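Note: the block below is protein-v2.cif and it holds mmCIF, C-alpha atoms.
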data_model
#
loop_
_atom_site.label_atom_id
_atom_site.label_comp_id
_atom_site.auth_asym_id
_atom_site.auth_seq_id
_atom_site.Cartn_x
_atom_site.Cartn_y
_atom_site.Cartn_z
CA MET I 1 11.13 131.15 -21.85
CA GLU I 2 11.98 134.54 -23.37
CA ALA I 3 15.42 133.27 -24.33
CA LYS I 4 13.80 130.32 -26.10
CA HIS I 5 11.43 132.68 -27.88
CA ARG I 6 14.40 134.66 -29.15
CA ALA I 7 16.14 131.42 -30.14
CA LEU I 8 13.07 130.47 -32.17
CA SER I 9 13.28 133.77 -34.07
CA ARG I 10 16.95 133.15 -34.86
CA ILE I 11 16.19 129.61 -36.05
CA LEU I 12 13.39 130.82 -38.31
CA GLU I 13 15.62 133.54 -39.75
CA ALA I 14 18.23 130.88 -40.51
CA CYS I 15 15.55 128.89 -42.38
CA GLU I 16 15.12 131.93 -44.67
CA SER I 17 11.74 130.77 -46.00
CA VAL I 18 9.53 127.97 -44.69
CA CYS I 19 6.96 125.44 -45.78
CA ILE I 20 5.19 124.41 -42.56
CA GLY I 21 3.45 121.10 -41.88
CA TYR I 22 0.30 122.75 -40.52
CA SER I 23 -2.42 120.70 -38.82
CA GLY I 24 -4.12 123.46 -36.83
CA GLY I 25 -2.91 122.03 -33.54
CA VAL I 26 -1.38 124.13 -30.76
CA ASP I 27 2.19 123.72 -32.00
CA SER I 28 1.74 124.27 -35.73
CA VAL I 29 -0.53 127.29 -35.25
CA TYR I 30 2.03 128.91 -32.95
CA LEU I 31 4.85 128.04 -35.35
CA ALA I 32 2.98 129.45 -38.35
CA LYS I 33 2.19 132.71 -36.55
CA ALA I 34 5.79 133.04 -35.32
CA ALA I 35 7.10 132.37 -38.83
CA VAL I 36 4.90 135.08 -40.33
CA ASP I 37 5.99 137.53 -37.62
CA VAL I 38 9.70 136.82 -38.19
CA LEU I 39 9.88 136.18 -41.95
CA GLY I 40 6.88 137.99 -43.36
CA ARG I 41 4.02 136.50 -45.35
CA ASP I 42 5.89 136.16 -48.63
CA ARG I 43 8.38 133.74 -47.09
CA VAL I 44 5.91 131.47 -45.28
CA LEU I 45 3.44 128.86 -46.51
CA ALA I 46 1.44 126.72 -44.06
CA VAL I 47 0.44 123.46 -45.74
CA THR I 48 -2.24 121.11 -44.46
CA GLY I 49 -2.13 117.49 -45.56
CA ARG I 50 -5.66 116.11 -45.80
CA SER I 51 -6.83 112.52 -45.76
CA ALA I 52 -9.52 110.41 -44.09
CA ALA I 53 -7.33 110.38 -40.97
CA TYR I 54 -7.41 114.16 -40.54
CA PRO I 55 -10.19 115.14 -38.10
CA ALA I 56 -12.79 117.56 -39.47
CA VAL I 57 -12.87 119.40 -36.15
CA GLN I 58 -9.13 120.03 -36.46
CA HIS I 59 -9.58 121.24 -40.04
CA ARG I 60 -12.11 123.86 -38.93
CA ILE I 61 -9.69 125.22 -36.35
CA ALA I 62 -6.85 125.23 -38.89
CA LEU I 63 -8.88 127.29 -41.34
CA GLU I 64 -10.15 129.67 -38.66
CA CYS I 65 -6.58 130.45 -37.60
CA VAL I 66 -5.14 131.02 -41.10
CA GLU I 67 -8.01 133.34 -41.86
CA ARG I 68 -7.84 135.26 -38.60
CA PHE I 69 -4.07 135.74 -38.64
CA ARG I 70 -3.70 135.96 -42.45
CA ILE I 71 -1.29 133.06 -42.69
CA PRO I 72 -0.58 131.98 -46.28
CA HIS I 73 -2.11 128.53 -46.59
CA LEU I 74 -2.40 125.59 -48.98
CA GLU I 75 -4.04 122.17 -48.69
CA VAL I 76 -2.77 118.99 -50.31
CA GLU I 77 -4.22 115.49 -50.42
CA THR I 78 -2.05 112.87 -48.79
CA HIS I 79 -2.38 109.19 -49.67
CA GLU I 80 -1.01 107.31 -46.69
CA LEU I 81 -4.07 105.01 -46.85
CA ALA I 82 -2.62 103.60 -50.06
CA VAL I 83 0.60 102.62 -48.23
CA PRO I 84 0.57 99.04 -46.85
CA GLY I 85 3.03 99.95 -44.11
CA TYR I 86 0.53 102.54 -42.88
CA THR I 87 -2.70 100.56 -43.12
CA ALA I 88 -1.13 97.55 -41.38
CA ASN I 89 -1.13 99.81 -38.31
CA ALA I 90 2.00 98.51 -36.63
CA PRO I 91 3.76 100.79 -34.12
CA SER I 92 5.74 102.12 -37.10
CA ARG I 93 2.58 103.49 -38.70
CA CYS I 94 3.49 107.14 -38.14
CA TYR I 95 6.72 106.71 -40.06
CA TYR I 96 4.76 105.90 -43.23
CA CYS I 97 2.28 108.71 -42.60
CA LYS I 98 5.00 111.31 -42.12
CA ASP I 99 7.03 109.91 -45.02
CA GLU I 100 4.03 110.55 -47.28
CA LEU I 101 3.39 114.00 -45.76
CA TRP I 102 6.98 115.21 -46.07
CA SER I 103 7.19 113.86 -49.60
CA ARG I 104 4.22 116.07 -50.56
CA LEU I 105 5.48 119.10 -48.65
CA THR I 106 8.96 118.81 -50.12
CA ASP I 107 7.36 119.03 -53.57
CA VAL I 108 5.30 122.03 -52.49
CA ALA I 109 8.36 123.77 -51.08
CA ALA I 110 10.25 123.24 -54.34
CA THR I 111 7.33 124.50 -56.41
CA HIS I 112 6.98 127.65 -54.30
CA GLY I 113 10.71 128.33 -53.92
CA LEU I 114 10.69 127.81 -50.15
CA ARG I 115 14.02 126.85 -48.65
CA THR I 116 13.09 124.82 -45.56
CA VAL I 117 10.33 122.39 -44.65
CA VAL I 118 9.50 122.61 -40.95
CA ASP I 119 7.24 120.84 -38.50
CA GLY I 120 5.71 121.70 -35.14
CA SER I 121 7.48 119.07 -33.02
CA ASN I 122 8.29 120.43 -29.56
CA ALA I 123 10.90 119.65 -26.91
CA ASP I 124 8.57 117.26 -25.04
CA ASP I 125 8.11 114.98 -28.04
CA ALA I 126 11.45 113.23 -27.59
CA ALA I 127 10.05 111.44 -24.52
CA ASP I 128 7.27 109.72 -26.45
CA HIS I 129 7.23 106.93 -29.03
CA ARG I 130 7.44 108.94 -32.29
CA PRO I 131 8.49 106.94 -35.37
CA GLY I 132 7.42 109.91 -37.51
CA THR I 133 10.55 111.72 -36.33
CA GLN I 134 12.70 109.32 -38.37
CA ALA I 135 10.77 110.21 -41.53
CA ALA I 136 11.22 113.92 -40.77
CA GLN I 137 14.97 113.43 -40.39
CA GLU I 138 15.17 111.48 -43.65
CA TRP I 139 13.44 114.31 -45.50
CA GLY I 140 15.58 116.98 -43.86
CA VAL I 141 12.63 118.55 -42.07
CA ARG I 142 13.56 120.97 -39.29
CA SER I 143 11.71 121.36 -36.01
CA PRO I 144 12.20 124.98 -34.90
CA LEU I 145 10.14 124.68 -31.71
CA ARG I 146 12.10 121.67 -30.55
CA GLU I 147 15.42 123.19 -31.60
CA ALA I 148 14.57 126.25 -29.53
CA GLY I 149 13.90 123.96 -26.54
CA LEU I 150 10.25 124.99 -26.24
CA SER I 151 8.02 122.66 -24.23
CA LYS I 152 4.31 122.18 -24.81
CA ARG I 153 3.55 124.19 -21.70
CA GLU I 154 5.70 127.09 -22.92
CA ILE I 155 4.13 126.99 -26.36
CA ARG I 156 0.70 127.23 -24.75
CA LEU I 157 1.81 130.20 -22.63
CA LEU I 158 3.32 131.96 -25.65
CA SER I 159 0.21 131.16 -27.70
CA ARG I 160 -1.97 132.73 -25.05
CA ARG I 161 0.21 135.82 -25.04
CA GLU I 162 -0.15 136.05 -28.82
CA GLY I 163 -3.92 135.78 -28.57
CA LEU I 164 -4.03 132.46 -30.41
CA PRO I 165 -7.35 130.64 -29.79
CA THR I 166 -5.49 127.33 -29.77
CA TRP I 167 -3.57 128.09 -26.56
CA ASP I 168 -5.69 125.74 -24.43
CA GLN I 169 -6.81 123.36 -27.16
CA PRO I 170 -6.61 119.68 -26.22
CA ALA I 171 -4.18 117.59 -28.24
CA SER I 172 -5.82 116.29 -31.41
CA PRO I 173 -3.74 113.67 -33.16
CA CYS I 174 -4.90 111.96 -36.35
CA LEU I 175 -7.81 109.54 -36.19
CA ALA I 176 -5.59 106.52 -36.91
CA SER I 177 -4.08 107.00 -33.45
CA ARG I 178 -7.39 105.77 -32.02
CA LEU I 179 -7.10 102.32 -33.64
CA ALA I 180 -5.47 99.59 -31.57
CA TYR I 181 -2.18 98.48 -33.12
CA GLY I 182 -2.68 95.60 -35.51
CA LEU I 183 -6.21 96.69 -36.41
CA ALA I 184 -6.04 97.69 -40.08
CA VAL I 185 -6.61 101.36 -40.83
CA THR I 186 -9.59 101.75 -43.14
CA PRO I 187 -11.66 104.81 -44.07
CA GLU I 188 -14.66 103.10 -42.45
CA ARG I 189 -12.96 102.66 -39.08
CA LEU I 190 -11.61 106.21 -39.16
CA ALA I 191 -15.13 107.50 -39.84
CA GLN I 192 -16.50 105.36 -36.98
CA VAL I 193 -14.05 106.92 -34.55
CA GLU I 194 -14.70 110.44 -35.83
CA ARG I 195 -18.47 110.06 -35.47
CA ALA I 196 -18.14 108.48 -32.04
CA GLU I 197 -15.98 111.35 -30.80
CA ALA I 198 -18.36 113.91 -32.31
CA LEU I 199 -21.14 112.26 -30.29
CA LEU I 200 -19.18 112.56 -27.06
CA ARG I 201 -18.16 116.13 -27.84
CA ARG I 202 -21.86 117.05 -28.19
CA GLN I 203 -22.39 115.55 -24.74
CA GLY I 204 -20.05 118.21 -23.37
CA LEU I 205 -16.91 116.14 -22.93
CA ARG I 206 -13.79 118.08 -23.75
CA GLU I 207 -10.74 115.85 -23.44
CA PHE I 208 -11.27 112.21 -24.33
CA ARG I 209 -10.56 109.51 -26.87
CA VAL I 210 -12.61 106.71 -28.38
CA ARG I 211 -10.17 103.83 -28.92
CA HIS I 212 -11.19 101.35 -31.60
CA HIS I 213 -10.57 97.73 -30.63
CA GLY I 214 -12.56 96.17 -33.46
CA ALA I 215 -15.88 95.12 -31.97
CA ALA I 216 -15.33 97.27 -28.89
CA ALA I 217 -15.03 101.01 -28.34
CA ARG I 218 -12.96 101.86 -25.27
CA ILE I 219 -13.63 105.39 -24.07
CA GLU I 220 -10.94 107.31 -22.24
CA VAL I 221 -12.01 110.50 -20.48
CA ALA I 222 -9.65 113.01 -18.87
CA PRO I 223 -9.47 112.50 -15.08
CA ALA I 224 -10.92 115.98 -14.46
CA GLU I 225 -14.07 114.96 -16.33
CA LEU I 226 -14.44 111.43 -14.99
CA GLU I 227 -16.64 112.35 -12.04
CA GLU I 228 -19.39 113.66 -14.34
CA VAL I 229 -18.98 110.98 -16.96
CA GLY I 230 -22.10 109.05 -15.97
CA ALA I 231 -24.34 111.99 -16.82
CA ARG I 232 -22.39 112.72 -20.01
CA LEU I 233 -22.67 109.15 -21.29
CA ALA I 234 -26.39 108.78 -20.63
CA GLY I 235 -28.14 107.79 -23.82
CA VAL I 236 -24.91 107.60 -25.77
CA VAL I 237 -24.21 103.89 -25.61
CA ALA I 238 -27.00 102.86 -27.97
CA ARG I 239 -25.89 105.52 -30.46
CA LEU I 240 -22.31 104.25 -30.29
CA ARG I 241 -23.57 100.73 -30.96
CA ALA I 242 -25.48 102.07 -33.96
CA LEU I 243 -22.10 103.20 -35.34
CA GLY I 244 -20.99 99.55 -35.39
CA PHE I 245 -19.40 99.01 -31.98
CA ARG I 246 -20.92 95.89 -30.40
CA ARG I 247 -19.47 96.73 -27.00
CA VAL I 248 -18.85 100.06 -25.31
CA LEU I 249 -16.32 100.20 -22.48
CA LEU I 250 -15.22 103.01 -20.18
CA ASP I 251 -11.55 102.92 -19.21
CA VAL I 252 -11.56 103.31 -15.41
CA GLU I 253 -8.14 105.02 -15.39
CA GLY I 254 -9.14 107.78 -17.77
CA TYR I 255 -7.47 109.43 -20.75
CA ARG I 256 -3.75 108.94 -20.95
CA ARG I 257 -1.89 110.41 -23.90
CA GLY I 258 -0.22 107.59 -25.82
CA ALA I 259 -2.19 104.91 -23.96
CA LEU I 260 -2.07 102.57 -26.97
CA ASN I 261 1.73 102.74 -26.74
CA GLU I 262 1.52 101.13 -23.28
CA GLY I 263 1.23 97.80 -25.03
CA LEU I 264 4.35 98.22 -27.15
CA VAL I 265 6.67 96.33 -24.83
CA GLN I 266 4.35 93.33 -24.94
CA LEU I 267 4.04 93.59 -28.73
CA ALA I 268 7.82 93.74 -29.12
CA ARG I 269 8.23 90.58 -27.07
CA SER I 270 5.49 88.61 -28.85
CA MET O 271 -12.48 80.52 -17.58
CA ASP O 272 -9.25 82.35 -18.41
CA GLU O 273 -7.19 82.16 -15.21
CA ARG O 274 -6.54 85.90 -15.35
CA LEU O 275 -10.28 86.49 -15.38
CA GLU O 276 -10.81 84.32 -12.33
CA ARG O 277 -8.06 86.15 -10.46
CA ALA O 278 -9.45 89.52 -11.48
CA ARG O 279 -12.93 88.53 -10.32
CA ALA O 280 -11.47 87.34 -7.00
CA LEU O 281 -9.62 90.66 -6.58
CA LEU O 282 -12.83 92.60 -7.14
CA GLU O 283 -14.76 90.28 -4.81
CA ARG O 284 -12.24 90.78 -2.00
CA ALA O 285 -12.82 94.53 -2.44
CA GLY O 286 -16.50 93.97 -1.79
CA MET O 287 -17.75 93.94 -5.39
CA GLU O 288 -19.79 91.05 -6.75
CA VAL O 289 -19.42 91.49 -10.47
CA GLU O 290 -19.26 89.65 -13.74
CA VAL O 291 -16.08 90.01 -15.76
CA GLY O 292 -15.11 89.35 -19.35
CA THR O 293 -12.48 90.27 -21.87
CA ALA O 294 -12.44 92.36 -25.03
CA GLY O 295 -9.92 93.20 -27.74
CA ALA O 296 -8.13 91.03 -30.31
CA GLU O 297 -5.70 89.72 -27.69
CA ALA O 298 -8.20 89.72 -24.80
CA GLU O 299 -6.08 92.56 -23.45
CA ILE O 300 -9.04 94.41 -21.98
CA LEU O 301 -10.79 93.43 -18.76
CA ALA O 302 -14.46 94.38 -18.98
CA VAL O 303 -16.19 94.61 -15.61
CA ARG O 304 -19.97 94.49 -15.65
CA THR O 305 -20.96 96.89 -12.93
CA GLY O 306 -22.40 100.36 -12.49
CA LEU O 307 -20.43 103.54 -13.14
CA GLU O 308 -20.69 104.38 -9.46
CA GLU O 309 -18.07 101.66 -8.91
CA ARG O 310 -15.59 103.29 -11.31
CA ALA O 311 -13.32 104.79 -8.68
CA ALA O 312 -13.23 101.54 -6.69
CA VAL O 313 -12.33 99.53 -9.78
CA ALA O 314 -9.74 102.14 -10.76
CA ARG O 315 -7.99 101.70 -7.39
CA LEU O 316 -7.54 98.03 -8.25
CA ALA O 317 -6.40 98.70 -11.84
CA PRO O 318 -2.64 98.38 -11.15
CA GLU O 319 -3.14 94.96 -9.56
CA ILE O 320 -5.48 93.88 -12.35
CA ARG O 321 -2.99 95.01 -14.99
CA ALA O 322 -0.30 93.02 -13.22
CA LEU O 323 -2.40 89.94 -14.02
CA GLY O 324 -1.75 90.57 -17.72
CA PHE O 325 -4.50 92.94 -18.77
CA ARG O 326 -3.49 96.13 -20.56
CA TYR O 327 -6.71 98.03 -19.89
CA VAL O 328 -9.33 97.89 -17.16
CA THR O 329 -12.82 98.99 -18.12
CA ILE O 330 -16.44 99.07 -17.07
CA GLU O 331 -18.79 97.72 -19.71
CA LEU O 332 -21.54 100.20 -20.40
CA GLU O 333 -25.03 98.88 -20.92
CA GLY O 334 -27.11 100.62 -23.55
CA GLY O 335 -30.61 101.95 -23.54
CA SER O 336 -32.64 103.60 -26.22
CA PRO O 337 -31.02 106.52 -28.05
#
What would the structure in this file look like if it were written as structure tokens?
Amino acid sequence: MEAKHRALSRILEACESVCIGYSGGVDSVYLAKAAVDVLGRDRVLAVTGRSAAYPAVQHRIALECVERFRIPHLEVETHELAVPGYTANAPSRCYYCKDELWSRLTDVAATHGLRTVVDGSNADDAADHRPGTQAAQEWGVRSPLREAGLSKREIRLLSRREGLPTWDQPASPCLASRLAYGLAVTPERLAQVERAEALLRRQGLREFRVRHHGAAARIEVAPAELEEVGARLAGVVARLRALGFRRVLLDVEGYRRGALNEGLVQLARS
Amino acid sequence: MDERLERARALLERAGMEVEVGTAGAEAEILAVRTGLEERAAVARLAPEIRALGFRYVTIELEGGSP
């Protein structure tokens, strides 16, 4: 792991100056802090792309970290909801989202004289369905963490060593990832999901997803929390229905990262 | 009744559960089992067989009360 940490420093030095796609997640916070440590504040800018798909809870963490570690930061509006390829919500959705994001960040980098646009992809990401990677490649975005061979587990360990509060933060992808493929992405549905998850968070659940299947909300809870889920969900169902879900379902197998991608083989064949 | 539903109900019955079942989702890809949460683990043990019937997700339908 130490060798990979040193490799990361060399990669960042080779980038000379960086514009970072910064969401406030485990990876991008670690990357931003590492970039500031290696390059100095005048050669780093962490940029957050904001839209209706960006969770408010993630935004709060992002701001807390840039303030606490004095990371130069900028926010830009992204408009992926105006892109038909995105709102159609096919498995290629992330390509359109990242295409929009990297378009904006490339402009920011040019405006601020920053040489390289970078993202927080890590070495584990190659194993998952990630159409956004193609957009990153097309825009010439580098992925220092992945290039250094750093896994999610290693990034968490290094984050903990650096005193980053995100070291044990659950993954928090954009809200559109909660919508079943084929269900159009709309601001209303994104808000439904965000409110539903806020409800469950207030009930004390830590790692979970509310998957939007149109009339139904399918709740996935991490296996470690499934035993207590009955107590946690007491009184919540009626409030979830008040958000517009006619049916509320608990997935018996629990939270599985990328669970909506489990249907991709069937979709490809249909 | 959807043949998959009948087979899923039979699977659950053979495991000792007398339950109602239904589907959810745009493609009826979700099996919704109407039973108490105390049966979650038992239903979860049958999930691989239920998914082999053609369901993508296996769930327990939660009944609401007052907020």
Residue IDs satisfying the PyMOL selection byres ((chain O) within 8 of (chain I)), as a list of chain:residue names: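 Checked against the file, the PyMOL selection byres ((chain O) within 8 of (chain I)) matches O:Ala294, O:Gly295, O:Ala296, O:Ala302, O:Leu307, O:Arg310, O:Ala311, O:Val313, O:Ala314, O:Ala317, O:Arg326, O:Tyr327, O:Val328, O:Thr329, O:Ile330, O:Glu331, O:Leu332, O:Glu333, O:Gly334, O:Gly335, O:Ser336, O:Pro337.
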Selection export as an mmCIF file, keeping the file's coordinate frame, atoms kept: C-alpha atoms:
data_model
loop_
_atom_site.group_PDB
_atom_site.id
_atom_site.type_symbol
_atom_site.label_atom_id
_atom_site.label_comp_id
_atom_site.auth_asym_id
_atom_site.auth_seq_id
_atom_site.Cartn_x
_atom_site.Cartn_y
_atom_site.Cartn_z
ATOM 1 C CA ALA O 294 -12.440 92.360 -25.030
ATOM 2 C CA GLY O 295 -9.920 93.200 -27.740
ATOM 3 C CA ALA O 296 -8.130 91.030 -30.310
ATOM 4 C CA ALA O 302 -14.460 94.380 -18.980
ATOM 5 C CA LEU O 307 -20.430 103.540 -13.140
ATOM 6 C CA ARG O 310 -15.590 103.290 -11.310
ATOM 7 C CA ALA O 311 -13.320 104.790 -8.680
ATOM 8 C CA VAL O 313 -12.330 99.530 -9.780
ATOM 9 C CA ALA O 314 -9.740 102.140 -10.760
ATOM 10 C CA ALA O 317 -6.400 98.700 -11.840
ATOM 11 C CA ARG O 326 -3.490 96.130 -20.560
ATOM 12 C CA TYR O 327 -6.710 98.030 -19.890
ATOM 13 C CA VAL O 328 -9.330 97.890 -17.160
ATOM 14 C CA THR O 329 -12.820 98.990 -18.120
ATOM 15 C CA ILE O 330 -16.440 99.070 -17.070
ATOM 16 C CA GLU O 331 -18.790 97.720 -19.710
ATOM 17 C CA LEU O 332 -21.540 100.200 -20.400
ATOM 18 C CA GLU O 333 -25.030 98.880 -20.920
ATOM 19 C CA GLY O 334 -27.110 100.620 -23.550
ATOM 20 C CA GLY O 335 -30.610 101.950 -23.540
ATOM 21 C CA SER O 336 -32.640 103.600 -26.220
ATOM 22 C CA PRO O 337 -31.020 106.520 -28.050
#
Residue members of the PyMOL selection byres ((chain I and resi 150-162) around 9) in the file shown, as JSON, numbers by chain: {"I": [1, 4, 5, 8, 26, 27, 29, 30, 33, 122, 123, 124, 125, 144, 145, 146, 147, 148, 149, 163, 164, 165, 166, 167, 168, 169]}
Limited to C-alpha atoms, could you put the picked residues into a file as an mmCIF file, in the frame of the given file?
data_model
loop_
_atom_site.group_PDB
_atom_site.id
_atom_site.type_symbol
_atom_site.label_atom_id
_atom_site.label_comp_id
_atom_site.auth_asym_id
_atom_site.auth_seq_id
_atom_site.Cartn_x
_atom_site.Cartn_y
_atom_site.Cartn_z
ATOM 1 C CA MET I 1 11.130 131.150 -21.850
ATOM 2 C CA LYS I 4 13.800 130.320 -26.100
ATOM 3 C CA HIS I 5 11.430 132.680 -27.880
ATOM 4 C CA LEU I 8 13.070 130.470 -32.170
ATOM 5 C CA VAL I 26 -1.380 124.130 -30.760
ATOM 6 C CA ASP I 27 2.190 123.720 -32.000
ATOM 7 C CA VAL I 29 -0.530 127.290 -35.250
ATOM 8 C CA TYR I 30 2.030 128.910 -32.950
ATOM 9 C CA LYS I 33 2.190 132.710 -36.550
ATOM 10 C CA ASN I 122 8.290 120.430 -29.560
ATOM 11 C CA ALA I 123 10.900 119.650 -26.910
ATOM 12 C CA ASP I 124 8.570 117.260 -25.040
ATOM 13 C CA ASP I 125 8.110 114.980 -28.040
ATOM 14 C CA PRO I 144 12.200 124.980 -34.900
ATOM 15 C CA LEU I 145 10.140 124.680 -31.710
ATOM 16 C CA ARG I 146 12.100 121.670 -30.550
ATOM 17 C CA GLU I 147 15.420 123.190 -31.600
ATOM 18 C CA ALA I 148 14.570 126.250 -29.530
ATOM 19 C CA GLY I 149 13.900 123.960 -26.540
ATOM 20 C CA GLY I 163 -3.920 135.780 -28.570
ATOM 21 C CA LEU I 164 -4.030 132.460 -30.410
ATOM 22 C CA PRO I 165 -7.350 130.640 -29.790
ATOM 23 C CA THR I 166 -5.490 127.330 -29.770
ATOM 24 C CA TRP I 167 -3.570 128.090 -26.560
ATOM 25 C CA ASP I 168 -5.690 125.740 -24.430
ATOM 26 C CA GLN I 169 -6.810 123.360 -27.160
#
Output of the PyMOL selection byres ((chain O and resi 289) around 7), listed as a ChimeraX atom specification: /O:287-288,290-291,303-305
Gap from CA of Ile11 (chain I) to CA of Tyr54 (chain I) - Å, one decimal: 28.6 Å
Neighbour residues at most 10 Å from (-18.5, 113.8, -30.8) (only C-alpha atoms) as a list in words: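 The residues near that point, listed by chain and number, are Val57, Val193, Glu194, Arg195, Ala196, Glu197, Ala198, Leu199, Leu200, Arg201, Arg202, Gln203, Gly204, Leu205, Arg206, Phe208, Arg209 and Val210 of chain I.
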CA of Pro131 (chain I) to CA of Ser51 (chain I), distance in Å rounded to a single decimal: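 So the answer is 19.3 Å.
With CA of Val108 (chain I) on one side and CA of Pro55 (chain I) on the other, the separation reads 22.2 Å.
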Would you list the contacts of Glu100 (chain I) as a JSON list (two decimals) with C-alpha atoms, keeping the file's coordinate frame, taking every protein, DNA or RNA residue within 7 Å and counting only C-alpha atoms, but skipping same-chain residues closer than 2 positions in sequence?
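Ended up saving to part16.json:
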[["chain", "number", "residue", "atom", "x", "y", "z"],
["I", 78, "THR", "CA", -2.05, 112.87, -48.79],
["I", 79, "HIS", "CA", -2.38, 109.19, -49.67],
["I", 80, "GLU", "CA", -1.01, 107.31, -46.69],
["I", 96, "TYR", "CA", 4.76, 105.90, -43.23],
["I", 97, "CYS", "CA", 2.28, 108.71, -42.60],
["I", 98, "LYS", "CA", 5.00, 111.31, -42.12],
["I", 102, "TRP", "CA", 6.98, 115.21, -46.07],
["I", 103, "SER", "CA", 7.19, 113.86, -49.60],
["I", 104, "ARG", "CA", 4.22, 116.07, -50.56]]
